[in-house]
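Peer 1: Just dropping this structure here.
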There are 2 protein chains.
Amino acid sequence: MDKDRQVPTLNDVARAAGVSTATVSRCLNSPDRVVKDTRERVLKAVQALGYTPNFGAQMMAAKRTRTIGAIVPTLENAIFARGLQAFQEELHRRGYTLLMASSAYAPEIEAEQIRTLVARGADGLLLIGHERDPQIYEYLQTQGVPVLVAWTYGTGNPQTCVGFDNRAAMEAMTQEVLSHGHRRIAVISGRSAGNDRVKLRLKGIAAAVAVAGLDPQQLQQIETDYDVDSGADAFDQLMRSSPRPTAVICGNDVLAVGALRRAKELGIAVPEEVSITGFDDMELARIVSPTLTSVHVPHHEMGLKAAETLIAMVEKTGGVESREIGTKLAIRASLGPAQGS
Amino acid sequence: MDKDRQVPTLNDVARAAGVSTATVSRCLNSPDRVVKDTRERVLKAVQALGYTPNFGAQMMAAKRTRTIGAIVPTLENAIFARGLQAFQEELHRRGYTLLMASSAYAPEIEAEQIRTLVARGADGLLLIGHERDPQIYEYLQTQGVPVLVAWTYGTGNPQTCVGFDNRAAMEAMTQEVLSHGHRRIAVISGRSAGNDRVKLRLKGIAAAVAVAGLDPQQLQQIETDYDVDSGADAFDQLMRSSPRPTAVICGNDVLAVGALRRAKELGIAVPEEVSITGFDDMELARIVSPTLTSVHVPHHEMGLKAAETLIAMVEKTGGVESREIGTKLAIRASLGPAQGS
DNA sequence: AATTTTTATGCAAGCGCTTACATTTTAGAT
DNA sequence: ATCTAAAATGTAAGCGCTTGCATAAAAATT
């Protein structure tokens with residue numbers, strides 16, 4: 001019915017204002033190149049007609065869209081949400097629009113999403129973590145789309161990144177756990193395949209443990225999906241071993257919360273019988289009881305800096321370099337002294 | 001540097017395959033209108049060149065994008081995430097791409113996001129809740145973009161919707177609370193201004209209370225922001241009144257979790273001294289202790305049906321009508337008998 | 001084998017915008 | 001008042017794709 005009512009075009013505005021389409025375009029894109037009088041007339045016409053530029057035409061003619069794409073592994077939990085929120089706010093302030101997509105931690109889906117976002121004219125892309133098929137980086141290179149890698153920081157990768165040192169942060173956490181006297185330590189982590197952040201965190205644990213004179217190979221370790229129930233099940237499994245670990249280091253807060261819940265269900269006291277730690281310091285960490293010891297990540301700062309950096313890359317304004325965001329330990333009730341040792 | 005390396009166009013593919021651009025286009029969009037032999041040759045050329053259609057050009061020529069836009073109030077907590085995930089999965093299965101944006105519960109931001117998504121060629125839009133400036137609906141009408149309203153269901157609104165009856169669900173919850181003997185009931189809700197879901201939930205409470213012979217006006221009620229800390233503060237305030245309420249009904253789980261946390265901090269036993277209920281049945285509800293009584297909403301089902309419905313609207317295949325999703329009470333430990341009455 | 005119908009492909013006209021270049025107007029200098 | 005430089009505006013050529021219509025090829029019918 002209404003689908004035929006024509007949406008006004010640049011041409012309509014031009015006619016209404018008695019100028020050429022070029023002038024209208026300039027009024028909208030570089031107002032200072034047009035004299036005040038004309039500009040006002042044009043803008044009035046724009047208002048009157050309710051004109052909105054056609055994105056496709058704009059994209060086609062200008063080859064830029066002021067759009068940034070971001071692909072995160074998941075939106076189901078809040079891990080990325082806070083950072084993304086900050087990222088998007090800053091983009092918005094700078095006149096960019098954010099296109100979000102989630103990959104469900106599946107590389108093939110991520111690859112597809114990347115192509116989709118690029119095809120849709122994203123001027124730049126935010127991706128989580130370095131590790132992915134090199135072809136993808138080649139493709140982006142070919143398409144001339146700059147990529148910023150976030151949520152991780154480390155040398156040895158060609159991509160610009162904004163994030164924190166997953167390895168060092170986890171090493172610090174492990175040292176903290178060790179300093180409480182724990183020696184039988186178990187680990188619950190996300191799947192390490194294709195996930196450099198998980199790998200780095202595991203390396204951090206191994207490093208700290210080695211320094212303390214323990215054999216990293218001896219560490220009981222379970223890799224599982226990133227959800228509360230999986231964390232709970234993994235914890236269950238760990239608690240069936242004998243002797244039981246006195247501390248369980250979890251790769252993130254979601255897993256830790258699962259462990260915490262199962263501990264309660266099993267009647268295992270935390271931290272008296274077993275200590276549990278997380279990573280990310282989600283809001284969750286302060287809500288559960290006992291409150292969860294975790295690694296605090298300044299998500300807001302990371303999102304903000306990621307936006308600044310990526311815009312600089314897109315606009316090619318000055319040199320762009322990777323930026324490291326600091327983390328710190330948030331020691332709370334779920335970590336206590338090792339029992340009986 | 002690489003920004004000049006040309007991306008292949010339809011024309012390049014056509015030349016490589018020795019056919020016209022029209023044939024290539026048809027191979028891609030309606031393969032059965034092209035004979036097998038030709039099709040294979042063309043697809044091979046597409047592969048070889050690594051051709052991807054230019055979205056802007058496609059949008060311009062075809063006037064559809066197989067893109068659906070969704071604007072939710074927030075992505076920071078998981079309330080909408082689960083439903084959106086299901087929504088997006090179904091869209092993906094049907095060959096559509098989802099563009100997400102969040103409005104931070106601010107109507108003006110939402111209006112802007114709507115314009116952005118429409119300008120970007122969204123074929124249809126998913127919005128949360130009915131209540132918004134009528135001009136927005138007019139605008140969408142003019143642009144010929146169908147809208148589906150989700151997370152609420154109710155008559156008296158012209159828009160098609162997929163969701164649940166917020167009023168009835170909350171009335172049921174309130175009845176449940178009343179049946180536990182509570183008579184001094186307080187309410188913590190999100191801001192009702194511009195939010196029909198909040199208003200409906202409040203009406204549900206009032207209705208149930210009135211049936212029980214109490215005066216809804218007497219209900220202590222606080223409206224606050226949708227975050228844990230706000231919920232905690234509101235709870236604090238309620239606990240300072242005398243006599244204290246024996247039950248606090250919260251407008252959603254996030255607020256309820258805040259209340260729960262503050263109760264613990266204040267040394268107020270839940271549910272012995274005060275009962276607390278939530279709404280939405282987020283994963284959180286089963287993680288906190290005591291576990292939270294809430295209204296269970298089948299988010300996955302809602303997301304799925306929303307996708308089906310919106311696609312039907314976009315493709316104009318057959319009649320489209322609103323669909324109601326059922327909710328049910330999830331009674332857990334945070335609700336107990338009224339103390340001392 | 002000739003004719004008609006059906007199917008496959010090509011041709012070319014836009015879609016609405018930006019921008020290099022050409023032209024006109026205005027301001028500044030003489 | 002005249003000429004020159006600078007500023008404002010107009011002209012028109014694409015950008016890469018889809019699709020109605022025309023044409024050519026193949027299949028079906030007589």
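Please note that chains go A, B, ... in the order of the structure tokens, that every chain numbers its residues from 1, and that ligands are numbered from 1 in the order shown.
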If we count only C-alpha atoms (C1' of nucleotides), which residues of chain D reach to within 6 Å of chain B? Please list them as a list of chain:residue names.
Peer 2: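 The selection requested is D:DG16, D:DC17, D:DT18.
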Peer 1: Give me a file of those residues, with C-alpha atoms (C1' of nucleotides), as a short mmCIF file (atom, residue, chain, number, x, y, z; two decimals), in the first residue's frame.
Peer 2:
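Output contents, as saved in part_23.cif:
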data_model
loop_
_atom_site.label_atom_id
_atom_site.label_comp_id
_atom_site.auth_asym_id
_atom_site.auth_seq_id
_atom_site.Cartn_x
_atom_site.Cartn_y
_atom_site.Cartn_z
"C1'" DG D 16 28.06 -1.84 -9.43
"C1'" DC D 17 23.99 -3.98 -9.58
"C1'" DT D 18 19.04 -5.67 -10.97
#
Peer 1: Would you list the contacts of Ile222 (chain A) as a ChimeraX atom specification, taking every protein, DNA or RNA residue within 9 Å and counting only C-alpha atoms (C1' of nucleotides), but skipping same-chain residues closer than 2 positions in sequence?
Peer 2: /A:186-191,220,224,234-235,237-238
Peer 1: Mind dumping the selected residues with N, CA and C atoms as a short mmCIF file (atom, residue, chain, number, x, y, z; two decimals), in the first residue's frame?
Peer 2:
data_model
loop_
_atom_site.label_atom_id
_atom_site.label_comp_id
_atom_site.auth_asym_id
_atom_site.auth_seq_id
_atom_site.Cartn_x
_atom_site.Cartn_y
_atom_site.Cartn_z
N ALA A 186 43.68 -26.93 40.50
CA ALA A 186 43.05 -27.42 39.26
C ALA A 186 42.58 -26.22 38.44
N VAL A 187 42.35 -26.48 37.17
CA VAL A 187 42.00 -25.39 36.26
C VAL A 187 40.77 -25.77 35.45
N ILE A 188 39.85 -24.83 35.36
CA ILE A 188 38.73 -24.99 34.43
C ILE A 188 38.83 -23.84 33.44
N SER A 189 38.96 -24.17 32.17
CA SER A 189 39.10 -23.07 31.20
C SER A 189 38.15 -23.27 30.04
N GLY A 190 38.03 -22.23 29.23
CA GLY A 190 37.25 -22.36 28.00
C GLY A 190 38.05 -23.20 27.02
N ARG A 191 37.48 -23.48 25.90
CA ARG A 191 38.18 -24.28 24.88
C ARG A 191 39.35 -23.48 24.33
N GLN A 220 45.64 -30.50 37.17
CA GLN A 220 44.42 -31.05 36.58
C GLN A 220 43.76 -29.93 35.82
N THR A 224 36.20 -26.57 28.70
CA THR A 224 34.76 -26.77 28.50
C THR A 224 34.13 -25.56 27.85
N ALA A 234 32.22 -29.25 35.30
CA ALA A 234 33.67 -29.43 35.37
C ALA A 234 34.11 -29.47 36.83
N PHE A 235 33.51 -28.61 37.62
CA PHE A 235 33.85 -28.56 39.04
C PHE A 235 33.52 -29.90 39.70
N GLN A 237 33.39 -32.78 38.41
CA GLN A 237 34.37 -33.76 37.99
C GLN A 237 35.67 -33.62 38.80
N LEU A 238 36.10 -32.39 38.97
CA LEU A 238 37.33 -32.15 39.73
C LEU A 238 37.19 -32.62 41.17
#
Peer 1: Figure out the distance between CA of His300 (chain A) and CA of Ala70 (chain B), please, to one decimal in Å.
Peer 2: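 If I compute the distance from CA of Ala70 (chain B) to CA of His300 (chain A), I get 23.6 Å.
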Peer 1: Starting from chain A, keep only residues with some atom at most 9 Å from an atom of chain B, counting only C-alpha atoms, and report them as number ranges by chain.
Peer 2: A: 1-7, 52-60, 74-78, 80-82, 84-85, 97-102, 115-116, 119-121, 141-145, 228, 257-258, 260-261, 283-284, 286-289
Peer 1: Print the selection's residues with C-alpha atoms to a file, as a compact mmCIF listing (two decimals), in the first residue's frame.
Peer 2:
# COMPACT_ATOMS: atom_id res chain seq x y z
CA MET A 1 0.00 0.00 0.00
CA ASP A 2 2.46 2.60 1.15
CA LYS A 3 5.38 0.98 -0.43
CA ASP A 4 4.92 3.12 -3.49
CA ARG A 5 4.84 6.45 -1.79
CA GLN A 6 8.13 7.79 -2.96
CA VAL A 7 10.85 8.63 -0.53
CA THR A 52 17.23 11.10 4.38
CA PRO A 53 20.18 10.17 2.20
CA ASN A 54 20.00 6.80 0.56
CA PHE A 55 22.69 4.76 2.16
CA GLY A 56 23.30 2.49 -0.79
CA ALA A 57 23.78 5.38 -3.16
CA GLN A 58 26.02 7.13 -0.70
CA MET A 59 28.09 4.04 -0.20
CA MET A 60 28.39 3.57 -3.89
CA THR A 74 28.92 -14.03 22.26
CA LEU A 75 26.44 -11.53 23.51
CA GLU A 76 24.77 -13.95 25.86
CA ASN A 77 26.86 -13.07 28.79
CA ALA A 78 28.10 -9.69 29.77
CA PHE A 80 31.92 -8.27 26.03
CA ALA A 81 28.84 -6.18 26.57
CA ARG A 82 30.40 -3.55 28.81
CA LEU A 84 31.21 -2.92 23.47
CA GLN A 85 28.92 -0.40 25.05
CA THR A 97 27.61 3.64 13.54
CA LEU A 98 28.35 0.25 15.00
CA LEU A 99 27.29 -2.97 13.37
CA MET A 100 27.48 -5.87 15.80
CA ALA A 101 27.43 -9.55 15.16
CA SER A 102 28.20 -12.57 17.27
CA ARG A 115 32.49 -11.08 4.94
CA THR A 116 29.01 -9.84 5.60
CA ALA A 119 30.25 -6.39 2.10
CA ARG A 120 28.01 -4.02 3.94
CA GLY A 121 30.69 -1.44 3.73
CA GLN A 141 43.98 -6.56 3.46
CA THR A 142 42.75 -6.96 -0.09
CA GLN A 143 39.53 -5.20 0.70
CA GLY A 144 41.42 -2.42 2.35
CA VAL A 145 39.52 -2.76 5.60
CA VAL A 228 27.60 -21.67 33.88
CA VAL A 257 30.20 -18.94 39.04
CA GLY A 258 29.19 -22.38 37.82
CA LEU A 260 30.63 -21.88 42.96
CA ARG A 261 27.09 -22.99 42.46
CA GLU A 283 29.17 -7.65 37.85
CA LEU A 284 28.31 -11.21 38.72
CA ARG A 286 30.17 -9.25 43.46
CA ILE A 287 26.74 -10.73 43.46
CA VAL A 288 27.49 -14.35 44.14
CA SER A 289 28.28 -15.56 47.59
Peer 1: Using only C-alpha atoms (C1' of nucleotides) and a cut-off of 6 Å, which residues of chain C sit close to chain A? Please list them as a PyMOL selection string.
Peer 2: chain C and resi 16-18
Peer 1: Quick one: everything within 12 Å of DA7 (chain D), counting only C-alpha atoms (C1' of nucleotides), minus sequence neighbours fewer than 3 positions away in the same chain. Send it as a list in words.
Peer 2: Asp32, Arg33, Val34 and Val35 of chain A; DT24, DT25, DT26 and DA27 of chain C
Peer 1: Any chance you could export the current selection's C-alpha atoms (C1' of nucleotides) as a PDB file, in the first residue's frame?
Peer 2:
ATOM      1  CA  ASP A  32      31.296  25.467   4.911  1.00  0.00           C
ATOM      2  CA  ARG A  33      31.718  25.159   1.186  1.00  0.00           C
ATOM      3  CA  VAL A  34      28.307  26.700   0.703  1.00  0.00           C
ATOM      4  CA  VAL A  35      27.219  30.254   1.459  1.00  0.00           C
TER       5      VAL A  35
ATOM      6  C1'  DT C  24      29.402  32.054 -12.959  1.00  0.00           C
ATOM      7  C1'  DT C  25      29.319  35.301  -9.271  1.00  0.00           C
ATOM      8  C1'  DT C  26      31.483  38.097  -5.788  1.00  0.00           C
ATOM      9  C1'  DA C  27      35.196  40.452  -3.590  1.00  0.00           C
TER      10       DA C  27
END
Peer 1: With only C-alpha atoms (C1' of nucleotides) as the counted atoms, please give the residues lying no more than 9 Å from Asp133 (chain A), apart from itself and same-chain residues fewer than 4 positions off, as a PyMOL selection string.
Peer 2: chain A and resi 107+111+137
Peer 1: Okay, now the selection with N, CA and C atoms, as a PDB file, in the first residue's frame?
Peer 2:
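Below is the file part-v6.pdb, written as the result:
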ATOM      1  N   PRO A 107      34.630 -20.337  14.466  1.00  0.00           N
ATOM      2  CA  PRO A 107      35.450 -19.654  13.467  1.00  0.00           C
ATOM      3  C   PRO A 107      34.760 -19.507  12.113  1.00  0.00           C
ATOM      4  N   ALA A 111      34.028 -16.037  10.235  1.00  0.00           N
ATOM      5  CA  ALA A 111      34.507 -15.718   8.888  1.00  0.00           C
ATOM      6  C   ALA A 111      33.361 -15.200   8.028  1.00  0.00           C
ATOM      7  N   TYR A 137      42.857 -12.481   7.263  1.00  0.00           N
ATOM      8  CA  TYR A 137      43.618 -11.236   7.304  1.00  0.00           C
ATOM      9  C   TYR A 137      44.004 -10.796   5.899  1.00  0.00           C
TER      10      TYR A 137
END
Peer 1: Just give me the gap between CA of Thr291 (chain B) and CA of Ser334 (chain B) in Å, one decimal is fine.
Peer 2: 5.9 Å
Peer 1: Taking 4 positions as the minimum chain separation for residues in the same chain, which residues sit within 9 Å of Thr246 (chain A) when counting only C-alpha atoms (C1' of nucleotides)? Answer as a list in words.
Peer 2: His182, Arg183, Arg184, Ile185, Ala186, Pro271, Glu272, Glu273, Val274, Ser275, Ile276, Pro337, Ala338 and Gln339 of chain A
Peer 1: So that I can see what lies close to Gly278 (chain A), please list as number ranges by chain the residues with an atom at most 10 Å from it, counting only C-alpha atoms (C1' of nucleotides) and leaving out residues fewer than 4 positions away in the same chain.
Peer 2: A: 170, 173, 188-189, 248-257, 259, 282, 285, 292-296, 330, 334
Peer 1: Please produce an output containing N, CA and C atoms for each residue in the selection, written as a tab-separated table (two decimals), in the first residue's frame.
Peer 2:
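Final output, out_2.tsv:
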chain	number	residue	atom	x	y	z
A	170	MET	N	46.91	-13.65	34.29
A	170	MET	CA	46.61	-14.94	34.89
A	170	MET	C	47.78	-15.43	35.73
A	173	MET	N	47.38	-13.84	39.04
A	173	MET	CA	46.33	-14.48	39.81
A	173	MET	C	46.82	-15.80	40.40
A	188	ILE	N	39.85	-24.83	35.36
A	188	ILE	CA	38.73	-24.99	34.43
A	188	ILE	C	38.83	-23.84	33.44
A	189	SER	N	38.96	-24.17	32.17
A	189	SER	CA	39.10	-23.07	31.20
A	189	SER	C	38.15	-23.27	30.04
A	248	VAL	N	40.62	-24.00	42.73
A	248	VAL	CA	40.24	-24.16	41.33
A	248	VAL	C	40.30	-22.79	40.67
A	249	ILE	N	41.22	-22.69	39.70
A	249	ILE	CA	41.36	-21.43	38.97
A	249	ILE	C	40.52	-21.54	37.71
A	250	CYS	N	39.59	-20.61	37.54
A	250	CYS	CA	38.72	-20.69	36.37
A	250	CYS	C	39.12	-19.64	35.34
A	251	GLY	N	38.96	-19.99	34.09
A	251	GLY	CA	39.37	-19.12	33.00
A	251	GLY	C	38.53	-17.87	32.86
A	252	ASN	N	37.34	-17.91	33.39
A	252	ASN	CA	36.57	-16.65	33.47
A	252	ASN	C	35.49	-16.75	34.53
A	253	ASP	N	34.81	-15.65	34.73
A	253	ASP	CA	33.84	-15.59	35.83
A	253	ASP	C	32.64	-16.49	35.63
A	254	VAL	N	32.26	-16.67	34.39
A	254	VAL	CA	31.09	-17.50	34.13
A	254	VAL	C	31.35	-18.92	34.60
A	255	LEU	N	32.50	-19.44	34.25
A	255	LEU	CA	32.86	-20.79	34.70
A	255	LEU	C	32.98	-20.83	36.22
A	256	ALA	N	33.58	-19.80	36.78
A	256	ALA	CA	33.78	-19.75	38.22
A	256	ALA	C	32.45	-19.74	38.96
A	257	VAL	N	31.50	-19.01	38.41
A	257	VAL	CA	30.20	-18.94	39.04
A	257	VAL	C	29.53	-20.32	39.00
A	259	ALA	N	31.12	-23.13	39.03
A	259	ALA	CA	31.83	-23.93	40.03
A	259	ALA	C	31.30	-23.61	41.43
A	282	MET	N	33.25	-9.59	36.17
A	282	MET	CA	31.93	-9.17	35.75
A	282	MET	C	31.14	-8.75	36.99
A	285	ALA	N	30.49	-11.16	39.77
A	285	ALA	CA	31.49	-11.54	40.76
A	285	ALA	C	31.16	-10.99	42.14
A	292	LEU	N	33.35	-13.35	44.47
A	292	LEU	CA	34.36	-14.06	43.68
A	292	LEU	C	35.65	-13.27	43.48
A	293	THR	N	36.75	-13.89	43.77
A	293	THR	CA	38.06	-13.31	43.47
A	293	THR	C	38.27	-13.41	41.97
A	294	SER	N	38.71	-12.31	41.38
A	294	SER	CA	38.78	-12.30	39.92
A	294	SER	C	39.86	-11.34	39.44
A	295	VAL	N	40.07	-11.31	38.14
A	295	VAL	CA	41.00	-10.34	37.56
A	295	VAL	C	40.16	-9.21	37.01
A	296	HIS	N	40.39	-8.04	37.51
A	296	HIS	CA	39.58	-6.91	37.05
A	296	HIS	C	40.10	-6.36	35.73
A	330	ALA	N	41.29	-8.58	41.82
A	330	ALA	CA	40.21	-8.19	42.73
A	330	ALA	C	40.04	-9.36	43.69
A	334	SER	N	36.09	-15.64	47.85
A	334	SER	CA	36.18	-17.03	47.37
A	334	SER	C	37.60	-17.60	47.40
Peer 1: Give me, as a VMD selection string, all polymer residues having an atom no more than 9 Å from DA26 (chain D), counting only C-alpha atoms (C1' of nucleotides) and skipping those fewer than 3 positions away in the same chain.
Peer 2: chain C and resid 6 to 8
Peer 1: Which one is closest to DA8 (chain D): A:Thr309, A:Thr155, A:Ser20, A:Ser230? Count only C-alpha atoms (C1' of nucleotides).
Peer 2: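 Counting only C-alpha atoms (C1' of nucleotides), the residue closest to DA8 (chain D) is A:Ser20.
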Peer 1: One decimal, Å: what's the distance from CA of Glu90 (chain A) over to CA of Ile311 (chain A), could you say?
Peer 2: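 These atoms are spaced 9.8 Å apart.
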